[in-house]
Amino acid sequence: MFERKKYKSFARTQLSGRWGVPVIVTLFVTIILRIFGIPEIIQLYKTGYFTALIKLDWQGISVAAQDANPSLFSPLIQTIVEAILSVASINVYLKMSRSPEPVSFSDFIEGFNNWARAILAVLWQILWIFLWALLFFIPGIIKAIAYSQMFYIIVEYKDVSITKAMRISMEITKGHKWDLFVMYLSFFGWDLLSLFTLGILQFWLLPYKNMTYINAYHALIKEAIESGRLKPEDLSE
């Protein structure tokens, strides 16, 4: 049974009195990602994209975006950096979900020990999502949700291989892909509200989202084990 409201309510309880570190981590991650996005922004500026955007010149926006012609290498690097940062962040939220004890920024730094697994996981994930997306857009989305628990698994179970983590993610999300999609969509109102705060609200919203997702992950693992679809020994090499 997937209890979205329960996961969100529990997330608020878990974060109560412990918002500091998650907010700082979110700020740090945002700054790093913005830095890696600077080359793309510069290229868009050179092509007149932002000028066209201010003028609401839709044709100019389209032409400028095409002229920017970002290489595949740049988005790939950004994706890899984001994966490493995500895995480091997950280390914090996993600890918060397991214990009411305070967490520290060092828990985030500790998460960087998983950088190699993060890179392998995101590349493996991208490959399979791309192959499914070749069939059509919808299968790509479905598979992206099926693989969505991989990063939690590789952080919590360090002996589980990347390929096995994907198989486990596919198993525990069976029958719950729509539930997960609705859960992600349930934050849309908050995301919309965040626009009116120039994105500042995201520094609190993202920890709330991440804590909710972690709670859902724990529930999926528990249900799969209790149903016999997943055995405890499956979570080791």
# chains A, B, ... in the order shown; residues from 1 in each chain; ligands from 1

call {"tool": "residues_around", "arguments": {"residues": "Lys158 of chain A", "least_positions_apart": "4", "cutoff": "9 Å", "atoms": "only C-alpha atoms", "output": "number ranges by chain"}}
result
A: 114, 117, 153-154, 236-237

call {"tool": "write_last_selection", "arguments": {"atoms": "N, CA and C atoms", "output": "compact mmCIF listing (two decimals), in the first residue's frame"}}
result
# COMPACT_ATOMS: atom_id res chain seq x y z
N ASN A 114 30.83 7.95 -2.57
CA ASN A 114 30.10 7.13 -3.54
C ASN A 114 30.15 7.70 -4.95
N ARG A 117 30.27 5.18 -7.92
CA ARG A 117 29.01 4.45 -8.10
C ARG A 117 27.94 5.37 -8.66
N ILE A 153 19.33 2.93 -3.35
CA ILE A 153 19.84 1.57 -3.13
C ILE A 153 21.36 1.55 -3.10
N ILE A 154 22.01 2.24 -4.05
CA ILE A 154 23.47 2.19 -4.09
C ILE A 154 24.11 2.93 -2.92
N SER A 236 22.40 -7.72 -0.82
CA SER A 236 23.84 -7.88 -0.69
C SER A 236 24.35 -8.50 -1.97
N GLU A 237 25.64 -8.41 -2.19
CA GLU A 237 26.23 -8.88 -3.45
C GLU A 237 26.04 -10.38 -3.61

call {"tool": "atom_distance", "arguments": {"atom1": "atom CA of Ile80 of chain A", "atom2": "atom CA of Leu131 of chain A"}}
result
18.7 Å

call {"tool": "closest_residue", "arguments": {"among": "A:Leu220, A:Val155, A:Ala133, A:Val81", "to": "Gly111 of chain A", "atoms": "only C-alpha atoms"}}
result
A:Val155

call {"tool": "closest_residue", "arguments": {"among": "A:Leu198, A:Tyr217, A:Arg18, A:Phe105", "to": "Tyr147 of chain A", "atoms": "only C-alpha atoms"}}
result
A:Tyr217

call {"tool": "closest_atom_pairs", "arguments": {"of": "segment 208-231 of chain A", "to": "segment 25-38 of chain A", "cutoff": "12 Å", "atoms": "only C-alpha atoms", "output": "tab-separated table"}}
result
residue	atom	partner	partner_atom	distance
A:Tyr208	CA	A:Thr26	CA	11.0
A:Lys209	CA	A:Thr26	CA	11.5
A:Asn210	CA	A:Thr26	CA	10.4

call {"tool": "write_last_selection", "arguments": {"atoms": "all heavy atoms", "output": "mmCIF file, in the first residue's frame"}}
result
data_model
loop_
_atom_site.group_PDB
_atom_site.id
_atom_site.type_symbol
_atom_site.label_atom_id
_atom_site.label_comp_id
_atom_site.auth_asym_id
_atom_site.auth_seq_id
_atom_site.Cartn_x
_atom_site.Cartn_y
_atom_site.Cartn_z
ATOM 1 N N TYR A 208 12.095 18.956 1.692
ATOM 2 C CA TYR A 208 10.787 18.346 1.935
ATOM 3 C C TYR A 208 10.510 17.248 0.911
ATOM 4 O O TYR A 208 10.062 16.144 1.254
ATOM 5 C CB TYR A 208 9.724 19.445 1.877
ATOM 6 C CG TYR A 208 8.297 19.000 2.050
ATOM 7 C CD1 TYR A 208 7.961 17.906 2.851
ATOM 8 C CD2 TYR A 208 7.261 19.697 1.417
ATOM 9 C CE1 TYR A 208 6.631 17.525 3.009
ATOM 10 C CE2 TYR A 208 5.933 19.323 1.574
ATOM 11 C CZ TYR A 208 5.626 18.231 2.367
ATOM 12 O OH TYR A 208 4.313 17.851 2.526
ATOM 13 N N LYS A 209 10.805 17.545 -0.357
ATOM 14 C CA LYS A 209 10.626 16.545 -1.413
ATOM 15 C C LYS A 209 11.523 15.331 -1.161
ATOM 16 O O LYS A 209 11.062 14.187 -1.191
ATOM 17 C CB LYS A 209 10.993 17.141 -2.772
ATOM 18 C CG LYS A 209 9.994 18.095 -3.380
ATOM 19 C CD LYS A 209 10.501 18.537 -4.750
ATOM 20 C CE LYS A 209 9.550 19.467 -5.461
ATOM 21 N NZ LYS A 209 10.052 19.859 -6.802
ATOM 22 N N ASN A 210 12.798 15.593 -0.933
ATOM 23 C CA ASN A 210 13.765 14.503 -0.776
ATOM 24 C C ASN A 210 13.443 13.610 0.412
ATOM 25 O O ASN A 210 13.587 12.386 0.337
ATOM 26 C CB ASN A 210 15.176 15.069 -0.635
ATOM 27 C CG ASN A 210 15.697 15.652 -1.934
ATOM 28 O OD1 ASN A 210 15.356 15.170 -3.018
ATOM 29 N ND2 ASN A 210 16.511 16.690 -1.848
#

call {"tool": "select_by_dssp", "arguments": {"residues": "segment 61-136 of chain A", "states": "alpha helix (DSSP H)", "output": "JSON, numbers by chain"}}
result
{"A": [61, 62, 63, 64, 65, 66, 67, 68, 73, 74, 75, 76, 77, 78, 79, 80, 81, 82, 83, 84, 85, 86, 87, 88, 89, 90, 91, 92, 93, 94, 95, 96, 97, 98, 105, 106, 107, 108, 109, 110, 115, 116, 117, 118, 119, 120, 121, 122, 123, 124, 125, 126, 127, 128, 129, 130, 131, 132, 133]}

call {"tool": "atom_distance", "arguments": {"atom1": "atom CA of Leu193 of chain A", "atom2": "atom CA of Phe108 of chain A"}}
result
27.8 Å

call {"tool": "residues_around", "arguments": {"residues": "segment 83-90 of chain A", "least_positions_apart": "4", "cutoff": "7 Å", "atoms": "only C-alpha atoms", "output": "PyMOL selection string"}}
result
chain A and resi 29+79+94+108-109+111-112+115+118-119+122+151-152+155

call {"tool": "write_last_selection", "arguments": {"atoms": "all heavy atoms", "output": "compact mmCIF listing (two decimals), in the first residue's frame"}}
result
# COMPACT_ATOMS: atom_id res chain seq x y z
N VAL A 29 24.48 22.64 -3.30
CA VAL A 29 24.24 21.91 -4.56
C VAL A 29 23.80 22.87 -5.66
O VAL A 29 24.27 22.77 -6.80
CB VAL A 29 23.16 20.82 -4.34
CG1 VAL A 29 22.70 20.23 -5.68
CG2 VAL A 29 23.70 19.71 -3.45
N THR A 79 25.08 16.41 -15.95
CA THR A 79 24.29 15.29 -15.44
C THR A 79 25.09 14.45 -14.45
O THR A 79 24.58 14.02 -13.41
CB THR A 79 23.80 14.40 -16.60
OG1 THR A 79 22.99 15.18 -17.48
CG2 THR A 79 22.99 13.22 -16.08
N LEU A 94 19.08 9.81 4.18
CA LEU A 94 18.98 8.45 4.70
C LEU A 94 19.27 8.42 6.19
O LEU A 94 18.58 7.75 6.96
CB LEU A 94 19.96 7.52 3.96
CG LEU A 94 19.46 6.87 2.67
CD1 LEU A 94 20.58 6.11 1.99
CD2 LEU A 94 18.28 5.94 2.95
N PHE A 108 27.09 14.98 4.45
CA PHE A 108 27.01 15.28 3.01
C PHE A 108 28.36 15.03 2.36
O PHE A 108 28.45 14.40 1.30
CB PHE A 108 26.58 16.73 2.82
CG PHE A 108 26.58 17.20 1.39
CD1 PHE A 108 25.71 16.68 0.45
CD2 PHE A 108 27.48 18.19 0.98
CE1 PHE A 108 25.71 17.12 -0.87
CE2 PHE A 108 27.48 18.64 -0.33
CZ PHE A 108 26.60 18.10 -1.26
N ILE A 109 29.42 15.51 2.99
CA ILE A 109 30.78 15.32 2.46
C ILE A 109 31.11 13.83 2.38
O ILE A 109 31.70 13.35 1.41
CB ILE A 109 31.83 16.04 3.34
CG1 ILE A 109 31.55 17.55 3.37
CG2 ILE A 109 33.24 15.76 2.83
CD1 ILE A 109 31.58 18.23 2.03
N GLY A 111 29.14 11.51 1.78
CA GLY A 111 28.42 10.94 0.65
C GLY A 111 29.20 10.97 -0.65
O GLY A 111 28.91 10.20 -1.58
N PHE A 112 30.22 11.83 -0.73
CA PHE A 112 31.03 11.91 -1.95
C PHE A 112 31.91 10.67 -2.13
O PHE A 112 32.49 10.48 -3.20
CB PHE A 112 31.90 13.16 -1.94
CG PHE A 112 31.14 14.42 -2.28
CD1 PHE A 112 30.69 15.27 -1.28
CD2 PHE A 112 30.82 14.73 -3.59
CE1 PHE A 112 29.97 16.42 -1.58
CE2 PHE A 112 30.10 15.87 -3.91
CZ PHE A 112 29.67 16.72 -2.90
N TRP A 115 31.10 8.61 -5.21
CA TRP A 115 31.11 9.32 -6.50
C TRP A 115 31.21 8.37 -7.69
O TRP A 115 30.55 8.56 -8.72
CB TRP A 115 32.25 10.34 -6.54
CG TRP A 115 33.64 9.73 -6.51
CD1 TRP A 115 34.38 9.43 -5.41
CD2 TRP A 115 34.42 9.33 -7.64
NE1 TRP A 115 35.59 8.87 -5.76
CE2 TRP A 115 35.64 8.81 -7.14
CE3 TRP A 115 34.22 9.38 -9.02
CZ2 TRP A 115 36.64 8.33 -7.97
CZ3 TRP A 115 35.22 8.89 -9.85
CH2 TRP A 115 36.42 8.38 -9.33
N ALA A 118 27.99 6.64 -8.27
CA ALA A 118 27.02 7.61 -8.78
C ALA A 118 27.18 7.77 -10.29
O ALA A 118 26.19 7.80 -11.03
CB ALA A 118 27.21 8.96 -8.08
N ILE A 119 28.42 7.88 -10.75
CA ILE A 119 28.68 8.04 -12.18
C ILE A 119 28.23 6.81 -12.96
O ILE A 119 27.54 6.93 -13.98
CB ILE A 119 30.18 8.31 -12.44
CG1 ILE A 119 30.59 9.66 -11.83
CG2 ILE A 119 30.49 8.28 -13.94
CD1 ILE A 119 32.08 9.95 -11.91
N VAL A 122 24.30 6.63 -13.01
CA VAL A 122 23.59 7.58 -13.89
C VAL A 122 23.83 7.25 -15.36
O VAL A 122 22.93 7.38 -16.19
CB VAL A 122 23.99 9.04 -13.57
CG1 VAL A 122 25.38 9.38 -14.09
CG2 VAL A 122 22.96 10.01 -14.13
N PHE A 151 19.45 5.17 -6.94
CA PHE A 151 20.42 5.95 -6.17
C PHE A 151 20.29 5.71 -4.67
O PHE A 151 21.28 5.66 -3.95
CB PHE A 151 20.27 7.44 -6.49
CG PHE A 151 20.73 7.80 -7.87
CD1 PHE A 151 19.82 8.02 -8.90
CD2 PHE A 151 22.08 7.90 -8.16
CE1 PHE A 151 20.25 8.32 -10.18
CE2 PHE A 151 22.52 8.21 -9.43
CZ PHE A 151 21.60 8.43 -10.45
N TYR A 152 19.06 5.53 -4.20
CA TYR A 152 18.87 5.23 -2.78
C TYR A 152 19.50 3.87 -2.44
O TYR A 152 20.14 3.70 -1.40
CB TYR A 152 17.38 5.19 -2.43
CG TYR A 152 16.63 6.43 -2.82
CD1 TYR A 152 15.49 6.37 -3.62
CD2 TYR A 152 17.05 7.70 -2.40
CE1 TYR A 152 14.79 7.50 -3.98
CE2 TYR A 152 16.37 8.84 -2.76
CZ TYR A 152 15.24 8.74 -3.56
OH TYR A 152 14.56 9.87 -3.94
N VAL A 155 23.37 3.88 -2.33
CA VAL A 155 23.90 4.58 -1.16
C VAL A 155 23.72 3.73 0.10
O VAL A 155 24.64 3.59 0.90
CB VAL A 155 23.22 5.95 -0.97
CG1 VAL A 155 23.68 6.60 0.34
CG2 VAL A 155 23.53 6.88 -2.13

call {"tool": "residues_around", "arguments": {"residues": "segment 11-16 of chain A", "least_positions_apart": "5", "cutoff": "7 Å", "atoms": "only C-alpha atoms", "output": "ChimeraX atom specification"}}
result
/A:96,208,211-212

call {"tool": "residues_around", "arguments": {"residues": "Phe181 of chain A", "least_positions_apart": "2", "cutoff": "12 Å", "atoms": "only C-alpha atoms", "output": "compact mmCIF listing (two decimals) with C-alpha atoms, in the first residue's frame"}}
result
# COMPACT_ATOMS: atom_id res chain seq x y z
CA PHE A 2 1.41 3.35 -1.04
CA ARG A 4 1.75 9.36 -0.13
CA ILE A 141 9.02 8.09 -18.64
CA ILE A 142 7.75 4.76 -17.28
CA LYS A 143 11.24 3.30 -17.20
CA ALA A 144 12.66 6.47 -15.63
CA ILE A 145 10.23 5.92 -12.74
CA ALA A 146 11.07 2.21 -12.61
CA SER A 148 14.09 5.98 -9.80
CA THR A 173 8.36 -0.11 -8.12
CA GLY A 175 2.52 -1.70 -9.21
CA HIS A 176 3.57 1.68 -7.84
CA LYS A 177 4.83 3.62 -10.86
CA TRP A 178 1.61 5.61 -11.05
CA ASP A 179 1.74 6.21 -7.28
CA MET A 183 3.70 11.80 -5.60
CA TYR A 184 6.14 13.75 -7.78
CA LEU A 185 3.23 15.68 -9.30
CA SER A 186 1.77 16.49 -5.87
CA PHE A 187 4.54 19.05 -5.33
CA PHE A 188 3.63 20.99 -8.48
CA TYR A 213 10.95 10.39 -1.51
CA ALA A 216 8.47 6.26 -0.03

call {"tool": "residues_around", "arguments": {"residues": "Ser104 of chain A", "least_positions_apart": "4", "cutoff": "9 Å", "atoms": "only C-alpha atoms", "output": "NGL selection string"}}
result
:A and (20-22 or 92 or 108)

call {"tool": "atom_distance", "arguments": {"atom1": "atom CA of Leu76 of chain A", "atom2": "atom CA of Lys95 of chain A"}}
result
29.1 Å

call {"tool": "closest_residue", "arguments": {"among": "A:Ile126, A:Pro75, A:Ser9, A:Val23", "to": "Glu40 of chain A", "atoms": "only C-alpha atoms"}}
result
A:Pro75

call {"tool": "closest_residue", "arguments": {"among": "A:Leu230, A:Leu206, A:Leu180, A:Phe136", "to": "Met1 of chain A", "atoms": "only C-alpha atoms"}}
result
A:Leu180

call {"tool": "closest_residue", "arguments": {"among": "A:Thr163, A:Asn91, A:Ser169, A:Gln125", "to": "Asp107 of chain A", "atoms": "only C-alpha atoms"}}
result
A:Asn91

call {"tool": "decode", "arguments": {"residues": "segment 92-107 of chain A", "atoms": "all heavy atoms", "output": "CSV table (one decimal), in the first residue's frame"}}
result
chain,number,residue,atom,x,y,z
A,92,VAL,N,22.7,12.2,3.5
A,92,VAL,CA,22.1,13.0,4.6
A,92,VAL,C,20.7,12.6,4.9
A,92,VAL,O,20.4,12.3,6.1
A,92,VAL,CB,22.2,14.5,4.2
A,92,VAL,CG1,21.5,15.3,5.3
A,92,VAL,CG2,23.6,15.0,4.0
A,93,TYR,N,19.9,12.5,3.9
A,93,TYR,CA,18.4,12.2,4.1
A,93,TYR,C,18.2,10.7,4.6
A,93,TYR,O,17.3,10.5,5.4
A,93,TYR,CB,17.6,12.4,2.8
A,93,TYR,CG,17.6,13.9,2.4
A,93,TYR,CD1,18.3,14.3,1.3
A,93,TYR,CD2,16.9,14.8,3.2
A,93,TYR,CE1,18.3,15.7,1.0
A,93,TYR,CE2,16.9,16.1,2.9
A,93,TYR,CZ,17.6,16.6,1.8
A,93,TYR,OH,17.6,17.9,1.5
A,94,LEU,N,19.1,9.8,4.2
A,94,LEU,CA,19.0,8.4,4.7
A,94,LEU,C,19.3,8.4,6.2
A,94,LEU,O,18.6,7.7,7.0
A,94,LEU,CB,20.0,7.5,4.0
A,94,LEU,CG,19.5,6.9,2.7
A,94,LEU,CD1,20.6,6.1,2.0
A,94,LEU,CD2,18.3,5.9,2.9
A,95,LYS,N,20.3,9.2,6.6
A,95,LYS,CA,20.6,9.2,8.0
A,95,LYS,C,19.5,9.9,8.8
A,95,LYS,O,19.2,9.5,10.0
A,95,LYS,CB,21.9,10.0,8.2
A,95,LYS,CG,23.1,9.2,7.8
A,95,LYS,CD,24.4,9.8,8.3
A,95,LYS,CE,25.6,8.9,7.9
A,95,LYS,NZ,26.9,9.3,8.6
A,96,MET,N,18.9,10.9,8.3
A,96,MET,CA,17.8,11.6,8.9
A,96,MET,C,16.6,10.6,9.0
A,96,MET,O,15.8,10.7,10.0
A,96,MET,CB,17.4,12.8,8.2
A,96,MET,CG,18.4,13.9,8.2
A,96,MET,SD,17.9,15.5,7.4
A,96,MET,CE,16.6,16.1,8.5
A,97,SER,N,16.4,9.8,8.1
A,97,SER,CA,15.2,8.9,8.1
A,97,SER,C,15.4,7.7,9.0
A,97,SER,O,14.5,7.1,9.5
A,97,SER,CB,15.0,8.3,6.7
A,97,SER,OG,16.0,7.4,6.3
A,98,ARG,N,16.7,7.4,9.4
A,98,ARG,CA,17.0,6.3,10.2
A,98,ARG,C,17.1,6.6,11.7
A,98,ARG,O,16.9,5.8,12.6
A,98,ARG,CB,18.3,5.7,9.8
A,98,ARG,CG,18.3,5.0,8.4
A,98,ARG,CD,17.3,3.8,8.4
A,98,ARG,NE,17.5,3.0,7.2
A,98,ARG,CZ,16.7,2.0,6.9
A,98,ARG,NH1,15.6,1.8,7.6
A,98,ARG,NH2,16.8,1.3,5.7
A,99,SER,N,17.3,7.9,12.0
A,99,SER,CA,17.5,8.3,13.4
A,99,SER,C,17.1,9.8,13.6
A,99,SER,O,17.2,10.6,12.7
A,99,SER,CB,19.0,8.2,13.7
A,99,SER,OG,19.3,8.8,15.0
A,100,PRO,N,16.5,10.1,14.8
A,100,PRO,CA,16.2,11.4,15.1
A,100,PRO,C,17.3,12.3,15.5
A,100,PRO,O,17.2,13.5,15.8
A,100,PRO,CB,15.2,11.2,16.3
A,100,PRO,CG,15.7,10.0,17.0
A,100,PRO,CD,16.2,9.1,15.8
A,101,GLU,N,18.5,11.7,15.5
A,101,GLU,CA,19.7,12.4,15.9
A,101,GLU,C,20.1,13.5,14.9
A,101,GLU,O,19.8,13.3,13.7
A,101,GLU,CB,20.9,11.5,16.1
A,101,GLU,CG,20.8,10.5,17.2
A,101,GLU,CD,20.6,11.2,18.6
A,101,GLU,OE1,21.4,12.1,18.8
A,101,GLU,OE2,19.7,10.7,19.3
A,102,PRO,N,20.7,14.6,15.3
A,102,PRO,CA,21.1,15.7,14.4
A,102,PRO,C,22.1,15.1,13.3
A,102,PRO,O,22.8,14.2,13.6
A,102,PRO,CB,21.7,16.7,15.3
A,102,PRO,CG,21.2,16.4,16.6
A,102,PRO,CD,21.1,14.9,16.7
A,103,VAL,N,22.0,15.7,12.1
A,103,VAL,CA,22.9,15.4,11.1
A,103,VAL,C,23.8,16.6,10.9
A,103,VAL,O,23.5,17.7,11.4
A,103,VAL,CB,22.2,15.1,9.7
A,103,VAL,CG1,21.5,13.8,9.8
A,103,VAL,CG2,21.3,16.2,9.3
A,104,SER,N,25.0,16.4,10.2
A,104,SER,CA,25.9,17.6,10.0
A,104,SER,C,26.3,17.6,8.5
A,104,SER,O,26.0,16.7,7.7
A,104,SER,CB,27.1,17.4,10.8
A,104,SER,OG,27.9,16.3,10.4
A,105,PHE,N,26.9,18.7,8.1
A,105,PHE,CA,27.4,18.9,6.8
A,105,PHE,C,28.4,17.8,6.4
A,105,PHE,O,28.5,17.5,5.2
A,105,PHE,CB,27.9,20.3,6.6
A,105,PHE,CG,28.1,20.6,5.1
A,105,PHE,CD1,27.1,21.0,4.3
A,105,PHE,CD2,29.4,20.6,4.5
A,105,PHE,CE1,27.2,21.3,3.0
A,105,PHE,CE2,29.6,21.0,3.2
A,105,PHE,CZ,28.5,21.3,2.4
A,106,SER,N,29.1,17.3,7.4
A,106,SER,CA,30.1,16.2,7.2
A,106,SER,C,29.4,15.0,6.6
A,106,SER,O,30.1,14.2,5.9
A,106,SER,CB,30.9,15.9,8.4
A,106,SER,OG,30.0,15.4,9.5
A,107,ASP,N,28.1,14.8,6.9
A,107,ASP,CA,27.4,13.6,6.4
A,107,ASP,C,27.3,13.7,4.9
A,107,ASP,O,27.3,12.8,4.1
A,107,ASP,CB,26.0,13.5,7.1
A,107,ASP,CG,26.1,13.1,8.5
A,107,ASP,OD1,26.9,12.2,8.9
A,107,ASP,OD2,25.4,13.7,9.3
